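Visitor: This is the content of data12.txt (compact mmCIF, C-alpha atoms):
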```txt
# COMPACT_ATOMS: atom_id res chain seq x y z
CA MET A 1 133.56 183.21 19.57
CA ALA A 2 134.03 179.72 18.07
CA LEU A 3 133.79 176.86 20.53
CA PRO A 4 137.08 175.15 21.45
CA GLY A 5 137.79 171.93 19.58
CA ARG A 6 139.23 170.27 22.67
CA VAL A 7 138.53 170.65 26.38
CA ARG A 8 140.81 169.75 29.26
CA LEU A 9 139.06 168.12 32.23
CA VAL A 10 140.28 168.21 35.82
CA GLU A 11 138.78 165.30 37.76
CA VAL A 12 138.09 166.32 41.36
CA GLY A 13 136.09 163.32 42.54
CA PRO A 14 138.76 161.69 44.75
CA ARG A 15 139.24 164.96 46.67
CA ASP A 16 136.40 167.45 46.29
CA GLY A 17 134.00 164.60 45.68
CA LEU A 18 134.89 162.41 48.65
CA GLN A 19 135.79 165.06 51.24
CA ASN A 20 132.19 165.50 52.38
CA GLU A 21 131.31 161.81 52.68
CA LYS A 22 130.36 160.57 56.13
CA VAL A 23 131.32 156.93 55.62
CA THR A 24 134.89 155.72 55.84
CA ILE A 25 136.13 154.63 52.44
CA PRO A 26 139.03 152.13 52.39
CA THR A 27 142.33 153.42 51.11
CA GLN A 28 142.57 150.68 48.51
CA ALA A 29 139.14 151.61 47.14
CA LYS A 30 140.37 155.16 46.62
CA VAL A 31 143.51 153.91 44.91
CA ASP A 32 141.47 151.66 42.60
CA TYR A 33 139.10 154.56 41.86
CA ILE A 34 141.90 156.96 40.95
CA THR A 35 143.62 154.31 38.84
CA ALA A 36 140.39 153.64 36.93
CA LEU A 37 139.89 157.37 36.32
CA GLY A 38 143.32 157.48 34.73
CA ASP A 39 142.50 154.41 32.65
CA ALA A 40 139.42 156.30 31.40
CA GLY A 41 141.68 158.94 29.91
CA LEU A 42 141.59 161.68 32.54
CA ARG A 43 144.98 163.37 32.65
CA VAL A 44 144.55 165.50 35.81
CA ILE A 45 143.08 163.76 38.86
CA GLU A 46 143.00 165.29 42.33
CA ALA A 47 144.34 162.60 44.62
CA GLY A 48 143.46 164.08 48.01
CA ALA A 49 144.22 166.84 50.48
CA PHE A 50 146.75 167.33 53.26
CA VAL A 51 144.26 169.00 55.57
CA SER A 52 143.42 168.44 59.23
CA PRO A 53 141.82 165.01 59.70
CA LYS A 54 139.83 166.54 62.54
CA TRP A 55 137.95 168.79 60.12
CA VAL A 56 138.06 166.63 56.98
CA PRO A 57 138.46 163.03 58.19
CA GLN A 58 137.87 161.54 54.75
CA MET A 59 141.24 162.95 53.62
CA ALA A 60 143.21 161.50 56.55
CA ASP A 61 144.79 158.76 54.40
CA THR A 62 145.93 161.03 51.56
CA ALA A 63 149.60 160.16 52.07
CA ASP A 64 148.86 156.43 51.83
CA VAL A 65 146.59 156.92 48.82
CA TYR A 66 149.20 158.98 46.99
CA ARG A 67 151.99 156.49 47.72
CA ASP A 68 149.90 153.54 46.51
CA ILE A 69 148.63 154.98 43.23
CA PRO A 70 150.39 153.25 40.32
CA LYS A 71 151.58 156.51 38.80
CA ASP A 72 150.85 156.94 35.11
CA PRO A 73 153.59 159.22 33.70
CA GLY A 74 150.96 160.96 31.57
CA VAL A 75 148.70 161.79 34.51
CA GLU A 76 149.03 164.62 37.03
CA TYR A 77 147.86 163.86 40.59
CA PRO A 78 147.53 167.19 42.44
CA VAL A 79 146.72 167.42 46.14
CA LEU A 80 145.20 170.31 48.07
CA VAL A 81 147.37 171.92 50.75
CA PRO A 82 146.18 174.58 53.25
CA ASN A 83 149.51 175.66 54.74
CA MET A 84 153.23 174.95 55.01
CA LYS A 85 152.66 171.86 57.14
CA GLY A 86 150.44 170.42 54.44
CA LEU A 87 153.06 171.23 51.81
CA GLU A 88 155.77 169.49 53.80
CA ARG A 89 153.61 166.37 54.02
CA ALA A 90 153.11 166.54 50.28
CA ILE A 91 156.85 166.87 49.66
CA GLU A 92 157.51 163.84 51.87
CA VAL A 93 155.48 161.55 49.62
CA GLY A 94 156.79 162.97 46.35
CA VAL A 95 153.83 165.07 45.23
CA LYS A 96 154.55 166.98 42.00
CA SER A 97 151.50 169.26 41.87
CA ILE A 98 149.50 171.09 44.54
CA ALA A 99 146.46 173.31 44.79
CA ILE A 100 145.88 176.24 47.14
CA PHE A 101 142.54 177.83 47.83
CA THR A 102 140.89 181.04 48.90
CA ALA A 103 137.54 182.73 48.26
CA ALA A 104 136.03 185.82 46.72
CA SER A 105 133.89 186.28 49.85
CA GLU A 106 135.39 187.38 53.17
CA THR A 107 132.74 185.64 55.28
CA PHE A 108 133.07 182.33 53.47
CA ASN A 109 136.84 182.43 53.71
CA LYS A 110 136.66 182.98 57.46
CA ARG A 111 134.17 180.12 57.86
CA ASN A 112 136.16 177.84 55.56
CA ILE A 113 139.77 178.43 56.62
CA ASN A 114 139.43 180.89 59.53
CA MET A 115 141.26 183.64 57.65
CA SER A 116 140.41 186.81 55.82
CA ILE A 117 141.26 186.90 52.12
CA ASP A 118 144.36 188.99 52.82
CA GLU A 119 145.44 186.61 55.59
CA SER A 120 145.04 183.66 53.24
CA PHE A 121 147.44 185.28 50.79
CA GLU A 122 149.94 185.92 53.58
CA ASN A 123 149.65 182.24 54.44
CA TYR A 124 150.01 181.01 50.86
CA ALA A 125 152.84 183.25 49.68
CA PRO A 126 155.60 181.17 51.33
CA VAL A 127 153.75 177.92 50.50
CA ALA A 128 153.63 178.74 46.80
CA ALA A 129 157.22 179.98 46.79
CA ARG A 130 158.49 176.80 48.45
CA ALA A 131 156.43 174.59 46.13
CA LEU A 132 157.84 176.33 43.08
CA GLU A 133 161.36 175.94 44.45
CA GLU A 134 160.65 172.20 44.76
CA GLY A 135 159.64 172.10 41.10
CA MET A 136 155.94 171.64 41.84
CA ARG A 137 153.08 173.00 39.78
CA VAL A 138 150.70 175.21 41.75
CA ARG A 139 147.03 175.63 40.93
CA GLY A 140 144.71 178.13 42.61
CA TYR A 141 141.07 177.76 43.58
CA ILE A 142 138.60 180.57 44.18
CA SER A 143 135.43 179.65 46.07
CA THR A 144 132.13 181.56 45.95
CA ALA A 145 132.92 183.32 42.67
CA PHE A 146 129.25 183.46 41.69
CA GLY A 147 127.58 183.79 45.08
CA CYS A 148 128.20 183.31 48.79
CA PRO A 149 125.95 181.42 51.23
CA TYR A 150 126.53 184.17 53.80
CA GLU A 151 126.93 187.38 51.78
CA GLY A 152 124.83 186.68 48.71
CA GLU A 153 126.07 188.35 45.52
CA VAL A 154 129.81 188.58 44.97
CA PRO A 155 131.16 191.44 42.83
CA PRO A 156 132.91 190.14 39.68
CA GLU A 157 135.65 192.70 40.31
CA LYS A 158 136.48 190.86 43.52
CA VAL A 159 136.79 187.60 41.60
CA LEU A 160 139.19 189.31 39.21
CA GLU A 161 141.25 190.77 42.06
CA VAL A 162 141.61 187.41 43.81
CA SER A 163 142.36 185.61 40.52
CA ALA A 164 145.13 188.06 39.67
CA ARG A 165 146.63 187.71 43.14
CA LEU A 166 146.74 183.92 42.82
CA LEU A 167 148.47 184.19 39.48
CA ASP A 168 150.95 186.63 41.02
CA LEU A 169 151.81 183.94 43.60
CA GLY A 170 152.90 181.68 40.76
CA CYS A 171 149.76 179.65 40.07
CA TYR A 172 149.77 178.35 36.52
CA GLU A 173 145.96 178.34 36.48
CA VAL A 174 143.02 179.59 38.56
CA SER A 175 139.86 177.53 38.95
CA VAL A 176 136.86 179.83 39.36
CA GLY A 177 134.25 178.08 41.48
CA ASP A 178 130.49 178.27 41.84
CA THR A 179 130.68 176.75 45.31
CA ILE A 180 126.95 176.73 46.06
CA GLY A 181 125.67 176.30 42.52
CA VAL A 182 123.84 179.61 42.13
CA GLY A 183 125.40 180.74 38.86
CA THR A 184 123.39 181.18 35.67
CA PRO A 185 124.66 181.43 32.07
CA MET A 186 124.39 185.20 31.70
CA GLN A 187 126.09 185.71 35.06
CA VAL A 188 128.83 183.27 34.09
CA GLN A 189 129.51 185.13 30.87
CA GLY A 190 129.54 188.43 32.73
CA VAL A 191 132.16 187.22 35.21
CA ILE A 192 134.27 185.59 32.51
CA GLY A 193 134.08 188.74 30.40
CA ILE A 194 135.59 190.78 33.22
CA LEU A 195 138.28 188.17 33.89
CA LEU A 196 139.28 188.03 30.23
CA GLN A 197 139.99 191.75 30.21
CA VAL A 198 143.10 190.96 32.26
CA ILE A 199 143.67 187.19 32.28
CA PRO A 200 143.98 184.94 29.20
CA ALA A 201 141.50 182.08 28.93
CA SER A 202 144.39 179.61 28.93
CA ARG A 203 145.04 180.41 32.60
CA LEU A 204 141.45 180.02 33.77
CA ALA A 205 139.32 176.99 34.59
CA MET A 206 135.67 176.81 35.58
CA HIS A 207 134.30 174.76 38.47
CA PHE A 208 130.51 174.49 38.47
CA HIS A 209 128.17 172.81 40.92
CA ASP A 210 124.83 171.47 39.73
CA THR A 211 122.92 172.29 42.91
CA ARG A 212 120.20 174.11 40.98
CA GLY A 213 120.56 172.21 37.71
CA THR A 214 122.46 174.89 35.79
CA ALA A 215 125.97 173.39 35.60
CA LEU A 216 125.86 172.16 31.99
CA ALA A 217 124.17 175.36 30.85
CA ASN A 218 126.96 177.28 32.56
CA VAL A 219 129.57 175.12 30.84
CA LEU A 220 128.04 175.94 27.47
CA ALA A 221 128.03 179.65 28.34
CA ALA A 222 131.70 179.39 29.34
CA LEU A 223 132.59 177.49 26.15
CA GLU A 224 131.07 180.32 24.15
CA MET A 225 133.46 182.68 25.95
CA GLY A 226 136.46 180.54 24.98
CA MET A 227 136.95 178.60 28.21
CA ALA A 228 138.55 175.21 27.61
CA THR A 229 139.32 173.81 31.08
CA PHE A 230 136.62 172.52 33.42
CA ASP A 231 136.60 170.75 36.78
CA ALA A 232 134.15 167.90 37.26
CA SER A 233 133.53 165.03 39.66
CA SER A 234 132.76 161.53 38.45
CA GLY A 235 129.27 160.44 39.32
CA GLY A 236 128.49 163.94 40.59
CA LEU A 237 130.22 163.24 43.90
CA GLY A 238 130.71 165.91 46.44
CA GLY A 239 130.39 169.42 47.70
CA CYS A 240 132.15 171.65 50.20
CA PRO A 241 131.73 170.62 53.87
CA PHE A 242 131.85 174.28 54.92
CA ALA A 243 129.28 175.64 52.45
CA PRO A 244 125.60 175.05 53.27
CA GLY A 245 123.79 173.85 50.18
CA ALA A 246 126.96 173.08 48.24
CA SER A 247 125.95 169.62 47.13
CA GLY A 248 126.08 168.61 43.53
CA ASN A 249 129.40 168.85 41.73
CA LEU A 250 129.02 168.69 37.98
CA ALA A 251 129.20 165.00 37.04
CA THR A 252 132.12 164.20 34.75
CA GLU A 253 130.01 161.70 32.81
CA ASP A 254 127.32 164.31 32.11
CA LEU A 255 129.94 166.76 30.90
CA VAL A 256 131.75 164.24 28.70
CA TYR A 257 128.45 163.08 27.18
CA MET A 258 127.55 166.66 26.26
CA LEU A 259 130.99 167.46 24.88
CA ASP A 260 131.08 164.23 22.87
CA SER A 261 127.75 165.15 21.29
CA MET A 262 129.21 168.55 20.34
CA ALA A 263 132.27 166.89 18.74
CA ILE A 264 134.52 168.57 21.32
CA GLU A 265 137.40 166.27 22.22
CA THR A 266 138.25 165.39 25.84
CA GLY A 267 140.33 162.22 25.49
CA VAL A 268 137.99 160.53 27.99
CA ASP A 269 136.35 157.16 27.33
CA LEU A 270 132.80 157.48 28.66
CA HIS A 271 132.33 153.74 29.18
CA ARG A 272 135.50 153.46 31.28
CA LEU A 273 134.54 156.60 33.18
CA VAL A 274 131.28 154.98 34.23
CA GLN A 275 133.24 151.91 35.32
CA ALA A 276 135.43 154.12 37.52
CA SER A 277 132.38 155.64 39.22
CA THR A 278 130.92 152.20 39.85
CA ILE A 279 134.12 151.26 41.70
CA ILE A 280 133.55 153.89 44.38
CA ALA A 281 129.73 153.77 44.44
CA PRO A 282 129.36 150.64 46.65
CA TYR A 283 131.32 152.28 49.48
CA LEU A 284 128.94 155.24 49.76
CA ASP A 285 125.76 155.47 51.80
CA HIS A 286 123.82 157.06 48.94
CA ALA A 287 123.41 156.78 45.20
CA LEU A 288 125.63 158.84 42.96
CA PRO A 289 123.57 161.72 41.53
CA GLY A 290 125.14 161.97 38.07
CA ARG A 291 122.36 161.80 35.49
CA TYR A 292 124.23 159.87 32.81
CA LEU A 293 125.45 157.36 35.38
CA GLN A 294 121.93 156.86 36.70
CA ALA A 295 120.61 156.38 33.18
CA CYS A 296 123.19 153.64 32.62
CA THR A 297 122.84 151.83 35.92
CA LYS A 298 119.29 152.27 37.24
CA ARG A 299 117.60 151.84 33.87
CA ALA A 300 120.04 149.24 32.57
CA MET A 301 120.69 151.36 29.49
CA PRO A 302 123.80 150.59 27.43
CA VAL A 303 126.79 152.85 27.91
CA THR A 304 127.38 154.50 24.56
CA THR A 305 128.90 157.60 23.12
CA SER A 306 126.55 160.21 21.78
CA PRO A 307 125.14 159.86 18.26
CA ALA A 308 127.44 162.62 16.95
CA VAL A 309 130.57 160.55 17.54
CA GLN A 310 129.36 156.97 17.07
```
Translate this file's structure into structure tokens.
Guide:
Amino acid sequence: MALPGRVRLVEVGPRDGLQNEKVTIPTQAKVDYITALGDAGLRVIEAGAFVSPKWVPQMADTADVYRDIPKDPGVEYPVLVPNMKGLERAIEVGVKSIAIFTAASETFNKRNINMSIDESFENYAPVAARALEEGMRVRGYISTAFGCPYEGEVPPEKVLEVSARLLDLGCYEVSVGDTIGVGTPMQVQGVIGILLQVIPASRLAMHFHDTRGTALANVLAALEMGMATFDASSGGLGGCPFAPGASGNLATEDLVYMLDSMAIETGVDLHRLVQASTIIAPYLDHALPGRYLQACTKRAMPVTTSPAVQ
């Protein structure tokens, strides 16, 4: 299959990236970070999550962050919601787009949200229905689609089943996640091949972690299968707080650099994207792991586009 000429990126740094950080990041820093990501050309930017501050304290100021973002009419700012209470909080601040989440692994789902997969769908059915009534867009996430930290291998048929159920709830798109970064290119193509038997590529997104260094290889494998929407986190921020070994989101800069070199359009300015990551970096207690970002900052290399598009 021919590679797509354009790829849509979903920036998850402000939510999936920051949710696992131990330090307290000022609300204004998050607002500046999200604003800079939009200025870089990203059109979908996760702004936060209306989850329990007891379990995910870094997301406690999501309402304030969302209110204070200077909204770009061309940018979507989805937030994650776990239940009806979270949805109501989102409605209160004028959120237009939400994400709901479940897993392809029963054990992970119970550890993550204290529900079985079936119970999570019982929980989300009224949430999705209410959101759609409010005119919101609803996106679905599937964790552990390529492997579970507790159960090991996850049958691709289970990923398909859960994906179809999310679409049946009214999700416009399902993000298929490699939560612990165990996926490999052949496995990725095998899972996508099964999904495409039922679900069009236009309603699927891929969410890879680079825990074992295979994220970009997995993106290439997915591109070859016709996938054209990918989640990524600027600077390589983040990981799931409830998944052991889930560090290492795919860095948005690394992905954009590769796609630029392949003449695949993203609409993202790589130089401005690096600037956005450097806004949030000083507030962290560790260096950002993204390889392109490190090449630009630690080695004082110029920020450029790839030779193919210069």
Visitor: Near stretch 65-71 of chain A, counting all atoms listed in the file, which residues have an atom at most 8 Å away, once you skip same-chain residues fewer than 6 positions from it, shown as number ranges by chain?
Guide: A: 27-28, 30-32, 34-35, 47-48, 93, 95
Visitor: Can you pull out every residue within 12 Å of A:Glu133, counting only C-alpha atoms, but drop anything in the same chain fewer than 6 positions away, and send it as a list in words?
Guide: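 Skipping anything fewer than 6 positions along the chain leaves Ile91, Lys96, Pro126, Val127 and Gly170 of chain A.
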Visitor: If you keep C-alpha atoms, can you produce a file of those selected residues as a PDB file, in the coordinates of the input?
Guide:
```pdb
ATOM      1  CA  ILE A  91     156.850 166.870  49.660  1.00  0.00           C
ATOM      2  CA  LYS A  96     154.550 166.980  42.000  1.00  0.00           C
ATOM      3  CA  PRO A 126     155.600 181.170  51.330  1.00  0.00           C
ATOM      4  CA  VAL A 127     153.750 177.920  50.500  1.00  0.00           C
ATOM      5  CA  GLY A 170     152.900 181.680  40.760  1.00  0.00           C
TER       6      GLY A 170
END
```
Visitor: Hey, which of A:Ile113, A:Leu167, A:Ala228, A:Ala104 ends up closest to A:Val154? Count all atoms listed in the file.
Guide: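 For A:Val154, the nearest of the candidates is A:Ala104.
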Visitor: Can you pull out every residue within 7 Å of stretch 277-289 of chain A, counting only C-alpha atoms, but drop anything in the same chain fewer than 6 positions away, and send it as a PyMOL selection string?
Guide: chain A and resi 23+25+29+33+234-237
Visitor: Leaving out A:Ala205 and any residue of its chain fewer than 5 positions from it, which residues lie within 12 Å of it when counting only C-alpha atoms, given as a ChimeraX atom specification?
Guide: /A:7-10,139-142,163,172-178,192,195-196,199-200,219,222-223,225-232
Visitor: Work out how far apart atom CA of A:Gly86 and atom CA of A:Lys22 are and give it in Å to one decimal.
Guide: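 The value is 22.4 Å.
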Visitor: Go through A:Ala221, A:Arg165, A:Glu11, A:Glu134 and flag the residue nearest A:Gln189, using only C-alpha atoms for the distances.
Guide: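 The shortest atom-to-atom distance to A:Gln189 comes from A:Ala221.
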Visitor: Could you work out how far atom CA of A:Leu18 lies from atom CA of A:Ala60, giving the answer in Å with one decimal?
Guide: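 Atom-to-atom, atom CA of A:Ala60 and atom CA of A:Leu18 are spaced 11.5 Å apart.
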Visitor: Name the closest residue to A:Gly135 among the candidates A:Gly94, A:Pro73, A:Gly213, A:Pro185; distances are taken between atoms, counting all atoms listed in the file.
Guide: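 Closest candidate: A:Gly94.
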Visitor: Nearest residue to A:Arg89 out of A:Asp269, A:Glu153, A:Val51, A:Asn249, using only C-alpha atoms?
Guide: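 Among the listed residues, A:Val51 lies closest to A:Arg89.
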Visitor: List as number ranges by chain the protein and nucleic acid residues near A:Gly181, meaning an atom at most 7 Å away when all atoms listed in the file are counted, but skip any in the same chain fewer than 3 places from it.
Guide: A: 178, 208-212, 246
Visitor: Let me see the file: selected residues, C-alpha atoms, as an mmCIF file, keeping the file's coordinate frame.
Guide:
```cif
data_model
loop_
_atom_site.group_PDB
_atom_site.id
_atom_site.type_symbol
_atom_site.label_atom_id
_atom_site.label_comp_id
_atom_site.auth_asym_id
_atom_site.auth_seq_id
_atom_site.Cartn_x
_atom_site.Cartn_y
_atom_site.Cartn_z
ATOM 1 C CA ASP A 178 130.490 178.270 41.840
ATOM 2 C CA PHE A 208 130.510 174.490 38.470
ATOM 3 C CA HIS A 209 128.170 172.810 40.920
ATOM 4 C CA ASP A 210 124.830 171.470 39.730
ATOM 5 C CA THR A 211 122.920 172.290 42.910
ATOM 6 C CA ARG A 212 120.200 174.110 40.980
ATOM 7 C CA ALA A 246 126.960 173.080 48.240
#
```
Visitor: Kindly indicate which residue among A:Gln197, A:Val79, A:Gly248, A:Val182 lies nearest to A:Glu161, using all atoms listed in the file for the distances.
Guide: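 Using all atoms listed in the file, A:Glu161 sits closest to A:Gln197.
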Visitor: At what distance in Å, to one decimal, does atom CA of A:Ile180 lie from atom CA of A:Val12?
Guide: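 Value for the atom CA of A:Val12-atom CA of A:Ile180 distance: 16.0 Å.
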Visitor: Between A:Gly41, A:Pro78, A:Gly5, A:Gly290, which is the closest to A:Leu270 once you count only C-alpha atoms?
Guide: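 The closest residue to A:Leu270 is A:Gly41.
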Visitor: Given 5 Å on each side, where is the centre and what are the edge lengths in Å to one decimal of the axis-aligned box enclosing the listed atoms of stretch 140-146 of chain A, as lines of an AutoDock Vina configuration file?
Guide:
```
center_x = 137.0
center_y = 180.6
center_z = 43.9
size_x = 25.5
size_y = 15.7
size_z = 14.4
```
Visitor: Restore N, CA, C and O atoms in stretch 131-145 of chain A and list the result as a short mmCIF file (atom, residue, chain, number, x, y, z; two decimals), keeping the file's coordinate frame.
Guide:
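Ended up saving to part08.cif:
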```
data_model
loop_
_atom_site.label_atom_id
_atom_site.label_comp_id
_atom_site.auth_asym_id
_atom_site.auth_seq_id
_atom_site.Cartn_x
_atom_site.Cartn_y
_atom_site.Cartn_z
N ALA A 131 156.86 175.61 47.09
CA ALA A 131 156.43 174.59 46.13
C ALA A 131 157.11 174.80 44.79
O ALA A 131 157.60 173.85 44.16
N LEU A 132 157.19 176.04 44.35
CA LEU A 132 157.84 176.33 43.08
C LEU A 132 159.33 176.02 43.14
O LEU A 132 159.91 175.51 42.17
N GLU A 133 159.95 176.28 44.28
CA GLU A 133 161.36 175.94 44.45
C GLU A 133 161.57 174.43 44.35
O GLU A 133 162.62 173.97 43.88
N GLU A 134 160.57 173.67 44.80
CA GLU A 134 160.65 172.20 44.76
C GLU A 134 160.30 171.65 43.38
O GLU A 134 160.30 170.43 43.17
N GLY A 135 160.00 172.54 42.45
CA GLY A 135 159.64 172.10 41.10
C GLY A 135 158.21 171.66 40.94
O GLY A 135 157.85 171.00 39.94
N MET A 136 157.35 172.02 41.90
CA MET A 136 155.94 171.64 41.84
C MET A 136 155.14 172.62 40.98
O MET A 136 155.50 173.79 40.86
N ARG A 137 154.06 172.13 40.41
CA ARG A 137 153.08 173.00 39.78
C ARG A 137 152.06 173.42 40.84
O ARG A 137 151.69 172.62 41.70
N VAL A 138 151.63 174.67 40.75
CA VAL A 138 150.70 175.21 41.75
C VAL A 138 149.45 175.72 41.05
O VAL A 138 149.53 176.55 40.15
N ARG A 139 148.32 175.20 41.46
CA ARG A 139 147.03 175.63 40.93
C ARG A 139 146.28 176.38 42.02
O ARG A 139 146.38 176.05 43.20
N GLY A 140 145.49 177.37 41.64
CA GLY A 140 144.71 178.13 42.61
C GLY A 140 143.23 177.90 42.44
O GLY A 140 142.72 177.75 41.32
N TYR A 141 142.52 177.87 43.57
CA TYR A 141 141.07 177.76 43.58
C TYR A 141 140.46 179.02 44.19
O TYR A 141 140.96 179.53 45.20
N ILE A 142 139.38 179.49 43.59
CA ILE A 142 138.60 180.57 44.18
C ILE A 142 137.20 180.06 44.45
O ILE A 142 136.47 179.68 43.52
N SER A 143 136.80 180.04 45.70
CA SER A 143 135.43 179.65 46.07
C SER A 143 134.50 180.85 45.96
O SER A 143 134.93 182.00 45.96
N THR A 144 133.21 180.56 45.90
CA THR A 144 132.13 181.56 45.95
C THR A 144 132.28 182.66 44.91
O THR A 144 131.97 183.81 45.16
N ALA A 145 132.72 182.31 43.71
CA ALA A 145 132.92 183.32 42.67
C ALA A 145 131.61 183.83 42.08
O ALA A 145 131.58 184.89 41.46
#
```
